[in-house]
file start22.cif (mmCIF, C-alpha atoms)
data_my_file
loop_
_atom_site.label_atom_id
_atom_site.label_comp_id
_atom_site.auth_asym_id
_atom_site.auth_seq_id
_atom_site.Cartn_x
_atom_site.Cartn_y
_atom_site.Cartn_z
CA MET A 1 18.83 1.81 40.21
CA ARG A 2 16.27 4.19 41.63
CA ARG A 3 17.49 6.99 39.33
CA PHE A 4 17.31 4.62 36.34
CA SER A 5 13.75 3.65 37.25
CA ARG A 6 12.71 7.26 37.50
CA TRP A 7 14.16 7.96 34.05
CA VAL A 8 12.30 4.95 32.66
CA LEU A 9 8.99 6.16 34.07
CA LEU A 10 9.67 9.69 32.81
CA LEU A 11 10.27 8.20 29.34
CA VAL A 12 7.00 6.29 29.65
CA VAL A 13 5.12 9.50 30.50
CA VAL A 14 6.59 11.20 27.43
CA LEU A 15 5.74 8.21 25.22
CA VAL A 16 2.19 8.11 26.56
CA ALA A 17 1.71 11.80 25.80
CA LEU A 18 3.09 11.39 22.29
CA SER A 19 1.00 8.27 21.70
CA ILE A 20 -2.23 9.95 22.79
CA TRP A 21 -1.43 12.91 20.55
CA ALA A 22 -0.70 10.53 17.63
CA VAL A 23 -3.92 8.49 17.83
CA TYR A 24 -6.32 11.31 18.81
CA PRO A 25 -9.09 11.44 17.74
CA PRO A 26 -9.50 7.66 18.04
CA GLY A 27 -10.14 5.81 14.79
CA LYS A 28 -9.45 8.82 12.54
CA LYS A 29 -5.71 8.52 11.94
CA ILE A 30 -5.24 4.80 11.33
CA ASN A 31 -5.37 3.66 7.71
CA LEU A 32 -7.85 0.82 7.26
CA GLY A 33 -7.28 -2.01 4.81
CA LEU A 34 -9.55 -3.33 2.10
CA ASP A 35 -11.34 -5.79 4.37
CA LEU A 36 -12.21 -3.05 6.89
CA LYS A 37 -12.72 0.02 4.72
CA GLY A 38 -14.16 -1.63 1.64
CA GLY A 39 -12.81 -1.23 -1.87
CA MET A 40 -11.65 -3.36 -4.77
CA HIS A 41 -9.55 -6.51 -5.12
CA LEU A 42 -8.18 -7.24 -8.59
CA VAL A 43 -6.12 -10.12 -9.94
CA LEU A 44 -4.50 -9.32 -13.30
CA GLU A 45 -2.81 -11.83 -15.59
CA ALA A 46 -0.30 -10.92 -18.27
CA ASP A 47 -1.11 -12.08 -21.79
CA VAL A 48 2.32 -13.57 -22.46
CA ARG A 49 1.27 -14.59 -25.98
CA ARG A 50 1.57 -10.93 -26.99
CA LEU A 51 5.03 -10.35 -25.56
CA PRO A 52 7.43 -8.47 -27.83
CA PRO A 53 10.06 -10.78 -29.37
CA GLY A 54 13.04 -11.37 -27.13
CA GLU A 55 11.45 -10.00 -23.92
CA SER A 56 11.23 -12.33 -20.91
CA VAL A 57 8.02 -12.89 -18.96
CA LYS A 58 9.68 -11.86 -15.70
CA ASP A 59 10.93 -8.53 -17.07
CA ALA A 60 7.56 -7.75 -18.68
CA VAL A 61 5.57 -8.46 -15.51
CA ASP A 62 8.06 -6.50 -13.37
CA SER A 63 7.71 -3.52 -15.73
CA ALA A 64 3.92 -3.83 -15.71
CA LEU A 65 3.99 -3.88 -11.89
CA GLU A 66 5.90 -0.60 -11.82
CA VAL A 67 3.62 1.03 -14.40
CA ILE A 68 0.51 0.04 -12.42
CA ARG A 69 2.07 1.36 -9.20
CA ASN A 70 2.79 4.72 -10.85
CA ARG A 71 -0.73 4.98 -12.22
CA ILE A 72 -2.35 4.18 -8.88
CA ASP A 73 -0.09 6.64 -7.05
CA GLN A 74 -1.22 9.41 -9.41
CA PHE A 75 -4.84 8.22 -9.15
CA GLY A 76 -4.73 9.14 -5.44
CA VAL A 77 -5.60 5.86 -3.67
CA ARG A 78 -4.23 5.72 -0.11
CA GLU A 79 -2.33 2.63 1.01
CA PRO A 80 -2.86 0.42 -2.06
CA THR A 81 -1.40 -3.08 -2.13
CA ILE A 82 0.27 -4.03 -5.40
CA ALA A 83 2.13 -7.33 -5.46
CA ARG A 84 3.25 -10.01 -7.85
CA GLU A 85 1.68 -13.47 -7.56
CA GLY A 86 3.38 -16.32 -9.34
CA GLN A 87 5.00 -15.75 -12.72
CA THR A 88 2.31 -13.89 -14.65
CA ARG A 89 -0.18 -12.44 -12.13
CA ILE A 90 -0.42 -9.13 -10.29
CA VAL A 91 -2.68 -8.60 -7.25
CA VAL A 92 -4.06 -5.10 -6.63
CA ASP A 93 -6.01 -4.02 -3.52
CA LEU A 94 -7.54 -0.54 -3.58
CA PRO A 95 -9.09 0.42 -0.20
CA GLY A 96 -11.84 3.03 -0.19
CA ILE A 97 -12.13 3.28 -3.98
CA LYS A 98 -15.38 5.03 -4.95
CA ASP A 99 -15.37 4.55 -8.72
CA PRO A 100 -14.39 0.90 -9.43
CA GLN A 101 -14.94 1.06 -13.20
CA ARG A 102 -12.73 4.13 -13.56
CA ALA A 103 -9.97 2.35 -11.62
CA ILE A 104 -10.29 -0.73 -13.84
CA ASP A 105 -10.08 1.37 -16.98
CA LEU A 106 -7.03 3.20 -15.68
CA ILE A 107 -5.14 0.12 -14.50
CA GLY A 108 -5.87 -2.12 -17.47
CA LYS A 109 -5.30 0.44 -20.22
CA THR A 110 -2.29 -0.56 -22.30
CA ALA A 111 -1.58 3.13 -23.13
CA LEU A 112 0.29 2.43 -26.33
CA LEU A 113 0.66 5.88 -27.92
CA GLU A 114 1.58 5.92 -31.61
CA PHE A 115 2.03 8.59 -34.26
CA LYS A 116 1.08 7.42 -37.76
CA LEU A 117 0.30 9.13 -41.06
CA LEU A 118 -3.13 8.99 -42.65
CA ASP A 119 -3.32 7.50 -46.14
CA GLU A 120 -5.33 10.26 -47.77
CA LYS A 121 -4.74 8.86 -51.28
CA GLY A 122 -6.33 5.53 -50.42
CA ASP A 123 -10.05 4.80 -50.82
CA LEU A 124 -11.57 4.71 -47.33
CA GLN A 125 -14.92 3.40 -48.58
CA GLU A 126 -13.28 0.45 -50.33
CA ALA A 127 -11.20 -0.21 -47.21
CA LEU A 128 -14.38 -0.34 -45.12
CA LYS A 129 -15.67 -3.01 -47.49
CA GLY A 130 -12.60 -5.11 -46.79
CA ASN A 131 -10.31 -3.96 -49.60
CA VAL A 132 -7.63 -2.43 -47.39
CA PRO A 133 -4.56 -1.25 -49.37
CA PRO A 134 -1.30 -3.02 -48.50
CA GLY A 135 0.50 -1.33 -45.61
CA ASP A 136 -2.68 0.36 -44.36
CA GLU A 137 -5.25 -0.33 -41.66
CA VAL A 138 -8.64 1.06 -40.67
CA LEU A 139 -8.89 2.63 -37.21
CA TYR A 140 -11.70 4.53 -35.51
CA ASP A 141 -11.98 7.42 -33.10
CA SER A 142 -14.06 7.36 -29.90
CA GLU A 143 -17.14 8.52 -31.82
CA GLY A 144 -16.90 5.76 -34.42
CA LYS A 145 -15.44 7.79 -37.28
CA ALA A 146 -13.19 5.69 -39.52
CA TYR A 147 -9.67 6.60 -40.68
CA LEU A 148 -7.41 4.91 -43.21
CA VAL A 149 -4.03 4.88 -41.47
CA LYS A 150 -0.61 3.71 -42.59
CA GLN A 151 0.59 0.79 -40.47
CA LYS A 152 4.11 2.14 -40.07
CA THR A 153 4.61 3.73 -36.64
CA LEU A 154 6.70 6.89 -36.88
CA LEU A 155 6.95 7.60 -33.11
CA THR A 156 5.71 5.97 -29.89
CA GLY A 157 4.96 7.10 -26.35
CA ARG A 158 8.48 6.13 -25.29
CA ALA A 159 9.58 9.49 -26.69
CA ILE A 160 7.36 11.42 -24.24
CA ARG A 161 8.98 13.05 -21.23
CA ASP A 162 5.91 14.67 -19.66
CA ALA A 163 2.16 15.05 -20.16
CA ARG A 164 -0.17 17.58 -18.56
CA VAL A 165 -3.76 18.77 -18.87
CA GLN A 166 -4.39 22.29 -20.16
CA ILE A 167 -7.48 24.28 -21.06
CA GLY A 168 -7.98 25.51 -24.61
CA GLN A 169 -9.30 28.85 -25.80
CA TRP A 170 -12.91 27.69 -25.65
CA GLY A 171 -12.64 25.97 -22.28
CA GLN A 172 -12.02 22.51 -23.74
CA PRO A 173 -9.35 20.45 -21.93
CA TYR A 174 -6.54 18.86 -23.93
CA VAL A 175 -3.32 17.01 -23.13
CA ALA A 176 -0.02 18.77 -23.83
CA LEU A 177 3.01 16.56 -24.50
CA ASP A 178 6.69 17.28 -23.96
CA PHE A 179 9.14 15.03 -25.81
CA THR A 180 12.52 13.85 -24.63
CA GLY A 181 15.59 15.30 -26.33
CA GLU A 182 15.82 12.40 -28.79
CA GLY A 183 12.03 12.33 -29.19
CA ALA A 184 11.92 16.06 -30.00
CA LYS A 185 14.54 15.55 -32.72
CA GLU A 186 12.60 12.63 -34.24
CA PHE A 187 9.32 14.58 -34.09
CA ALA A 188 10.93 17.54 -35.82
CA ASP A 189 12.25 15.25 -38.59
CA ILE A 190 8.83 13.63 -39.04
CA THR A 191 6.91 16.88 -39.22
CA GLY A 192 9.54 18.40 -41.52
CA LYS A 193 9.26 15.55 -44.04
CA HIS A 194 5.46 15.41 -44.07
CA VAL A 195 4.29 19.04 -44.15
CA GLY A 196 0.73 19.21 -45.50
CA GLU A 197 -0.09 15.63 -44.48
CA ARG A 198 -2.26 14.51 -41.57
CA LEU A 199 -0.61 12.88 -38.57
CA ALA A 200 -2.83 10.59 -36.51
CA ILE A 201 -2.25 10.46 -32.76
CA ILE A 202 -3.40 6.98 -31.72
CA LEU A 203 -3.86 5.58 -28.21
CA ASP A 204 -4.53 1.84 -27.92
CA ASP A 205 -5.70 1.69 -31.57
CA VAL A 206 -8.16 4.56 -31.07
CA VAL A 207 -7.54 7.75 -33.08
CA LYS A 208 -7.53 10.67 -30.65
CA SER A 209 -6.83 13.38 -33.21
CA ALA A 210 -5.47 13.71 -36.75
CA PRO A 211 -4.21 17.28 -37.29
CA VAL A 212 -2.64 18.59 -40.49
CA ILE A 213 1.11 19.19 -40.24
CA LYS A 214 1.42 22.85 -41.22
CA THR A 215 5.12 23.31 -40.54
CA ARG A 216 8.17 21.61 -39.08
CA ILE A 217 7.73 21.47 -35.29
CA THR A 218 11.01 21.95 -33.45
CA GLY A 219 9.90 22.83 -29.92
CA GLY A 220 9.56 19.23 -28.74
CA LYS A 221 5.89 19.72 -27.92
CA ALA A 222 2.58 18.36 -29.21
CA VAL A 223 -1.05 18.26 -28.10
CA ILE A 224 -3.76 15.60 -28.06
CA GLU A 225 -7.27 16.92 -28.57
CA GLY A 226 -10.43 14.89 -28.69
CA ASN A 227 -13.44 16.49 -27.00
CA PHE A 228 -12.26 15.26 -23.61
CA THR A 229 -13.95 15.89 -20.30
CA MET A 230 -11.59 17.06 -17.57
CA GLU A 231 -11.70 13.58 -15.98
CA GLU A 232 -10.87 11.84 -19.29
CA ALA A 233 -8.03 14.25 -19.99
CA ASN A 234 -6.58 13.68 -16.52
CA GLU A 235 -6.75 9.89 -16.91
CA LEU A 236 -4.99 10.18 -20.28
CA ARG A 237 -2.29 12.32 -18.62
CA ILE A 238 -1.80 9.65 -15.95
CA VAL A 239 -1.37 6.73 -18.35
CA LEU A 240 0.96 8.72 -20.62
CA ARG A 241 3.16 9.88 -17.74
CA SER A 242 3.33 6.43 -16.16
CA GLY A 243 4.18 4.78 -19.48
CA ALA A 244 2.64 2.01 -21.53
CA LEU A 245 2.17 -1.50 -20.24
CA PRO A 246 4.77 -3.78 -21.83
CA VAL A 247 2.19 -6.55 -22.15
CA PRO A 248 -1.64 -6.57 -22.07
CA LEU A 249 -3.19 -7.49 -18.72
CA ASN A 250 -6.44 -9.41 -18.39
CA ILE A 251 -8.61 -9.10 -15.29
CA ILE A 252 -9.29 -12.65 -14.08
CA GLN A 253 -10.76 -11.70 -10.69
CA ASN A 254 -12.63 -8.57 -9.69
CA THR A 255 -14.07 -8.43 -6.17
CA THR A 256 -15.70 -5.40 -4.60
CA VAL A 257 -15.90 -5.26 -0.79
CA GLY A 258 -18.63 -3.01 0.59
CA PRO A 259 -17.93 -0.62 3.48
CA SER A 260 -20.82 -2.12 5.49
CA LEU A 261 -18.99 -5.46 5.62
CA GLY A 262 -15.89 -3.63 6.83
CA ARG A 263 -17.83 -1.85 9.59
CA ASP A 264 -19.25 -5.17 10.73
CA SER A 265 -15.74 -6.66 10.83
CA ILE A 266 -14.46 -3.71 12.88
CA ARG A 267 -17.36 -4.02 15.32
CA LYS A 268 -16.84 -7.75 15.82
CA GLY A 269 -13.09 -7.29 16.13
CA LEU A 270 -13.50 -4.58 18.78
CA ILE A 271 -16.00 -6.68 20.74
CA SER A 272 -13.77 -9.76 20.72
CA GLY A 273 -10.74 -7.66 21.62
CA LEU A 274 -12.52 -5.95 24.52
CA ILE A 275 -13.82 -9.27 25.85
CA GLY A 276 -10.32 -10.73 25.77
CA LEU A 277 -8.81 -7.61 27.32
CA ILE A 278 -11.32 -7.48 30.18
CA ALA A 279 -10.92 -11.21 30.88
CA VAL A 280 -7.14 -10.89 31.03
CA ILE A 281 -7.27 -7.79 33.26
CA VAL A 282 -9.68 -9.44 35.71
CA PHE A 283 -7.64 -12.63 35.86
CA MET A 284 -4.35 -10.82 36.47
CA ALA A 285 -5.85 -8.59 39.17
CA VAL A 286 -7.40 -11.55 41.03
CA TYR A 287 -4.58 -14.04 40.66
CA TYR A 288 -1.54 -11.78 41.11
CA LYS A 289 -3.13 -9.05 43.25
CA LYS A 290 -1.08 -5.78 43.21
CA ALA A 291 1.50 -7.24 40.85
CA GLY A 292 -1.36 -8.07 38.51
CA LEU A 293 -2.38 -4.39 38.50
CA ILE A 294 1.15 -3.47 37.43
CA ALA A 295 0.94 -6.02 34.59
CA ASN A 296 -2.45 -4.60 33.55
CA ALA A 297 -1.00 -1.11 33.39
CA ALA A 298 1.83 -2.44 31.20
CA LEU A 299 -0.75 -4.13 28.95
CA ILE A 300 -2.67 -0.88 28.44
CA LEU A 301 0.59 0.90 27.64
CA ASN A 302 1.47 -1.84 25.19
CA LEU A 303 -1.79 -1.37 23.26
CA LEU A 304 -1.41 2.43 23.28
CA PHE A 305 2.16 2.24 21.95
CA LEU A 306 1.04 -0.26 19.31
CA MET A 307 -1.70 2.00 17.96
CA ALA A 308 0.63 5.01 17.99
CA ALA A 309 3.26 3.05 16.06
CA LEU A 310 0.67 2.11 13.40
CA VAL A 311 -0.11 5.80 12.95
CA ALA A 312 3.55 6.87 12.92
CA LEU A 313 4.52 4.22 10.35
CA LYS A 314 1.39 4.92 8.28
CA ALA A 315 0.69 1.19 8.38
CA THR A 316 -2.60 -0.27 7.20
CA LEU A 317 -4.81 -2.03 9.73
CA THR A 318 -6.51 -5.13 8.33
CA LEU A 319 -8.80 -7.74 9.86
CA PRO A 320 -5.86 -10.15 10.38
CA GLY A 321 -4.08 -7.13 11.86
CA ILE A 322 -6.80 -6.93 14.53
CA ALA A 323 -6.16 -10.63 15.18
CA GLY A 324 -2.48 -9.75 15.62
CA ILE A 325 -3.41 -7.10 18.20
CA ILE A 326 -5.54 -9.60 20.13
CA LEU A 327 -2.66 -12.11 20.00
CA THR A 328 -0.36 -9.40 21.33
CA ILE A 329 -2.57 -9.06 24.42
CA GLY A 330 -1.93 -12.71 25.26
CA MET A 331 1.79 -12.52 24.53
CA SER A 332 2.22 -9.39 26.62
CA ILE A 333 0.59 -10.98 29.64
CA ASP A 334 2.47 -14.23 29.04
CA ALA A 335 5.77 -12.43 29.68
CA ASN A 336 4.45 -11.05 32.98
CA VAL A 337 3.15 -14.48 34.02
CA ILE A 338 6.62 -15.98 33.49
CA ILE A 339 8.22 -13.18 35.53
CA PHE A 340 5.69 -13.35 38.37
CA GLU A 341 5.94 -17.13 38.66
CA ARG A 342 9.73 -16.82 38.90
CA ILE A 343 9.34 -14.20 41.62
CA ARG A 344 6.90 -16.44 43.49
CA GLU A 345 9.43 -19.29 43.39
CA GLU A 346 12.06 -17.03 44.93
CA LEU A 347 9.64 -15.81 47.62
CA ARG A 348 8.86 -19.43 48.56
CA ARG A 349 12.59 -19.89 49.11
CA GLU A 350 12.28 -17.05 51.64
CA ARG A 351 14.24 -14.52 49.67
CA ALA A 352 13.73 -10.86 50.50
CA PRO A 353 11.19 -9.19 48.16
CA ARG A 354 13.80 -6.98 46.49
CA SER A 355 16.13 -9.91 45.90
CA ALA A 356 13.22 -12.08 44.68
CA VAL A 357 12.25 -9.46 42.11
CA ASP A 358 15.83 -9.07 40.84
CA VAL A 359 16.39 -12.82 40.53
CA GLY A 360 12.92 -13.39 39.07
CA TYR A 361 13.45 -10.88 36.25
CA GLU A 362 16.97 -12.14 35.62
CA ARG A 363 15.94 -15.79 35.29
CA ALA A 364 12.79 -15.06 33.28
CA LEU A 365 14.49 -12.78 30.80
CA ARG A 366 16.11 -15.51 28.70
CA THR A 367 12.86 -17.47 28.37
CA ILE A 368 10.92 -14.33 27.41
CA LEU A 369 13.53 -13.29 24.84
CA ASP A 370 13.64 -16.78 23.29
CA ALA A 371 9.86 -16.94 22.92
CA ASN A 372 9.43 -13.40 21.58
CA ILE A 373 12.42 -13.35 19.24
CA THR A 374 11.40 -16.60 17.53
CA THR A 375 7.88 -15.21 17.07
CA LEU A 376 9.32 -11.93 15.79
CA ILE A 377 11.44 -13.77 13.21
CA THR A 378 8.32 -15.56 11.95
CA ALA A 379 6.42 -12.25 11.78
CA LEU A 380 9.23 -10.64 9.79
CA ILE A 381 9.24 -13.53 7.31
CA LEU A 382 5.47 -13.15 6.88
CA PHE A 383 5.92 -9.42 6.32
CA GLN A 384 8.67 -9.94 3.74
CA PHE A 385 6.96 -12.62 1.67
CA GLY A 386 3.28 -12.10 2.46
CA THR A 387 0.83 -9.79 0.73
CA GLY A 388 -2.20 -7.73 1.76
CA PRO A 389 -3.85 -9.03 4.96
CA ILE A 390 -0.87 -11.29 5.75
CA LYS A 391 1.36 -8.22 5.93
CA GLY A 392 -1.22 -6.53 8.16
CA PHE A 393 -1.07 -9.41 10.63
CA ALA A 394 2.74 -9.46 10.55
CA THR A 395 2.92 -5.68 11.10
CA THR A 396 0.74 -5.55 14.21
CA LEU A 397 2.33 -8.70 15.62
CA SER A 398 5.88 -7.36 15.14
CA ILE A 399 5.11 -3.99 16.71
CA GLY A 400 3.18 -5.67 19.52
CA ILE A 401 6.10 -7.98 20.36
CA LEU A 402 8.57 -5.09 20.59
CA ALA A 403 6.15 -3.00 22.66
CA SER A 404 5.38 -5.90 25.01
CA LEU A 405 9.08 -6.59 25.58
CA PHE A 406 9.55 -2.96 26.60
CA THR A 407 6.48 -2.73 28.85
CA ALA A 408 6.69 -6.21 30.40
CA VAL A 409 10.42 -6.29 31.06
CA VAL A 410 11.51 -2.65 31.46
CA VAL A 411 8.45 -0.70 32.63
CA THR A 412 7.13 -3.22 35.16
CA ARG A 413 10.59 -3.70 36.66
CA ALA A 414 11.01 0.06 37.03
CA ILE A 415 7.71 0.18 38.93
CA PHE A 416 8.78 -2.69 41.22
CA ASN A 417 12.13 -0.99 41.85
CA LEU A 418 10.46 2.26 42.91
CA ILE A 419 8.01 0.42 45.18
CA LEU A 420 10.75 -1.59 46.90
CA GLU A 421 13.55 0.99 46.85
CA GLY A 422 14.67 1.67 50.41
CA ARG A 423 12.27 -0.99 51.74
CA PRO A 424 13.93 -4.28 50.84
CA VAL A 425 12.04 -6.30 53.49
CA GLN A 426 8.59 -4.96 52.60
CA LYS A 427 6.05 -7.73 52.01
CA LEU A 428 5.35 -8.21 48.30
CA SER A 429 1.79 -9.09 47.28
CA ILE A 430 2.06 -11.49 44.36
#

call {"tool": "encode", "arguments": {"input": "start22.cif", "output": "structure tokens"}}
result
Amino acid sequence: MRRFSRWVLLLVVVLVALSIWAVYPPGKKINLGLDLKGGMHLVLEADVRRLPPGESVKDAVDSALEVIRNRIDQFGVREPTIAREGQTRIVVDLPGIKDPQRAIDLIGKTALLEFKLLDEKGDLQEALKGNVPPGDEVLYDSEGKAYLVKQKTLLTGRAIRDARVQIGQWGQPYVALDFTGEGAKEFADITGKHVGERLAIILDDVVKSAPVIKTRITGGKAVIEGNFTMEEANELRIVLRSGALPVPLNIIQNTTVGPSLGRDSIRKGLISGLIGLIAVIVFMAVYYKKAGLIANAALILNLLFLMAALVALKATLTLPGIAGIILTIGMSIDANVIIFERIREELRRERAPRSAVDVGYERALRTILDANITTLITALILFQFGTGPIKGFATTLSIGILASLFTAVVVTRAIFNLILEGRPVQKLSI
């Protein structure tokens, strides 16, 4: 038993060293959630009236969810929360976002890329007056220039395999497209049949460019030019690579959380946590004497392991997550209180201190496991089905429960065993 206790304490020393290394410098390695760091909260609703024929609402929203996730990943936001809400809504939390309008434009852009021929034989001026030839439509570029375009779509963005930003001869960025194998074949057929005509490249009903087809293009490549800035070209690359939204999304809620509010929440959370921690430490030291000091040491270890686990798992700390940490303080001490009261009962029956400790831990273990496992099950359910801050609470609570079980049951017992080893009749202050 003494050898086992020494190994446990050696493991604790190693874990403490690793935990300090993981969380140092304090506050710099833990990802903060939207409510602490500030950022943007969006609720998007799918416009199911514009669903393609035969496509289900569930499949369309699931596809839109994946497209949005891909766009945000390429946008570079750390620890975003993207979750479905109900049948037609998607909730998006973007912590630390610095350009909210750019994020809105990127997320909500349908990104429907189409290749259509211009109707150069039609009368554009008459079309602008409302006399649009059958099978044609009037579209505009970003500068307001009108084009008479044939309605028939020859190729869509589904044929694109990759998109990347490149710099032209005069320093102007453009987007280079690579087609899939089937898309390259279709593009070659289209350009071969319409040499000398103008092919409009249209994104979300806006003409990006309308070059003349000079020859049949067989390389499976194309470019989109349009006087882009580097930022605009990069955003276009992102939406083309992530794919088009299968259904338009409308923003029904847009909330921006300022970083000052997050700092205030962190300050209040730290103050409340410190007050609770100090109160618990003082109570345990006064009421349980030396045993209380052992419990306090286990509590500090518990908090250190919890913070290190958040860093290691790259979890996001939210305001409810801070509440979960504070709740963990109480649960950690609760386990020690149960153990110490059991030991006191055995000491009143005039058991030897070593025997009282062994019996106390043995009889308290089932109660502690029952209480913590049921709470852990609830936390796991919250994590599985909750979103955003709810997941933050469930994460810290789950990690805290596991850490408190280790520190309260294993670490404190190892300390007691080393204190009493070889001195079974020593008086125990508890």

call {"tool": "resolve_selection", "arguments": {"input": "start22.cif", "expression": "the PyMOL selection byres ((chain A and resi 126-134) around 12)", "output": "VMD selection string"}}
result
chain A and resid 119 to 125 135 to 140 145 to 152

call {"tool": "atom_distance", "arguments": {"input": "start22.cif", "atom1": "atom CA of A:Asn70", "atom2": "atom CA of A:Leu382"}}
result
25.3 Å

call {"tool": "atom_distance", "arguments": {"input": "start22.cif", "atom1": "atom CA of A:Gly38", "atom2": "atom CA of A:Phe75"}}
result
17.3 Å

call {"tool": "resolve_selection", "arguments": {"input": "start22.cif", "expression": "the PyMOL selection byres ((chain A and resi 329) around 9)", "output": "VMD selection string"}}
result
chain A and resid 273 276 to 277 280 299 302 to 303 324 to 328 330 to 334 400 404

call {"tool": "residues_around", "arguments": {"input": "start22.cif", "residues": "A:Ile238", "least_positions_apart": "4", "cutoff": "10 Å", "atoms": "all atoms listed in the file", "output": "list in words"}}
result
Asn70, Arg71, Ile72, Asp73, Gln74, Phe75, Leu106, Ala111, Asp162, Ala163, Arg164, Val165, Glu232, Ala233, Asn234, Ser242 and Gly243 of chain A

call {"tool": "closest_residue", "arguments": {"input": "start22.cif", "among": "A:Thr218, A:Asn31, A:Thr229, A:Ser355", "to": "A:Glu182", "atoms": "only C-alpha atoms"}}
result
A:Thr218

call {"tool": "resolve_selection", "arguments": {"input": "start22.cif", "expression": "the PyMOL selection byres ((chain A and resi 294-296) around 9)", "output": "list of chain:residue names"}}
result
A:Val280, A:Ile281, A:Val282, A:Met284, A:Ala285, A:Lys290, A:Ala291, A:Gly292, A:Leu293, A:Ala297, A:Ala298, A:Leu299, A:Ile300, A:Leu301, A:Ser332, A:Ile333, A:Asn336, A:Val337, A:Thr407, A:Ala408, A:Thr412, A:Ile415, A:Phe416

call {"tool": "atom_distance", "arguments": {"input": "start22.cif", "atom1": "atom CA of A:Gly157", "atom2": "atom CA of A:Val239"}}
result
10.2 Å

call {"tool": "closest_residue", "arguments": {"input": "start22.cif", "among": "A:His194, A:Lys268, A:Lys185, A:Lys116", "to": "A:Ser209", "atoms": "all atoms listed in the file"}}
result
A:Lys116

call {"tool": "build_atoms", "arguments": {"input": "start22.cif", "residues": "stretch 3-18 of chain A", "atoms": "N, CA and C atoms", "output": "short mmCIF file (atom, residue, chain, number, x, y, z; two decimals), keeping the file's coordinate frame"}}
result
data_model
loop_
_atom_site.label_atom_id
_atom_site.label_comp_id
_atom_site.auth_asym_id
_atom_site.auth_seq_id
_atom_site.Cartn_x
_atom_site.Cartn_y
_atom_site.Cartn_z
N ARG A 3 17.43 5.92 40.33
CA ARG A 3 17.49 6.99 39.33
C ARG A 3 17.14 6.45 37.95
N PHE A 4 17.63 5.24 37.62
CA PHE A 4 17.31 4.62 36.34
C PHE A 4 15.81 4.38 36.22
N SER A 5 15.19 3.91 37.28
CA SER A 5 13.75 3.65 37.25
C SER A 5 12.96 4.92 37.05
N ARG A 6 13.40 5.98 37.69
CA ARG A 6 12.71 7.26 37.50
C ARG A 6 12.82 7.74 36.05
N TRP A 7 13.99 7.56 35.45
CA TRP A 7 14.16 7.96 34.05
C TRP A 7 13.28 7.11 33.13
N VAL A 8 13.17 5.82 33.46
CA VAL A 8 12.30 4.95 32.66
C VAL A 8 10.86 5.42 32.72
N LEU A 9 10.38 5.73 33.93
CA LEU A 9 8.99 6.16 34.07
C LEU A 9 8.77 7.53 33.45
N LEU A 10 9.79 8.41 33.49
CA LEU A 10 9.67 9.69 32.81
C LEU A 10 9.56 9.47 31.29
N LEU A 11 10.36 8.54 30.77
CA LEU A 11 10.27 8.20 29.34
C LEU A 11 8.88 7.67 28.99
N VAL A 12 8.33 6.85 29.87
CA VAL A 12 7.00 6.29 29.65
C VAL A 12 5.96 7.41 29.59
N VAL A 13 6.07 8.37 30.49
CA VAL A 13 5.12 9.50 30.50
C VAL A 13 5.20 10.26 29.18
N VAL A 14 6.42 10.50 28.70
CA VAL A 14 6.59 11.20 27.43
C VAL A 14 5.99 10.38 26.28
N LEU A 15 6.27 9.07 26.28
CA LEU A 15 5.74 8.21 25.22
C LEU A 15 4.22 8.15 25.25
N VAL A 16 3.65 8.13 26.44
CA VAL A 16 2.19 8.11 26.56
C VAL A 16 1.60 9.39 25.98
N ALA A 17 2.21 10.53 26.33
CA ALA A 17 1.71 11.80 25.80
C ALA A 17 1.79 11.84 24.28
N LEU A 18 2.93 11.40 23.74
CA LEU A 18 3.09 11.39 22.29
C LEU A 18 2.12 10.42 21.63
#
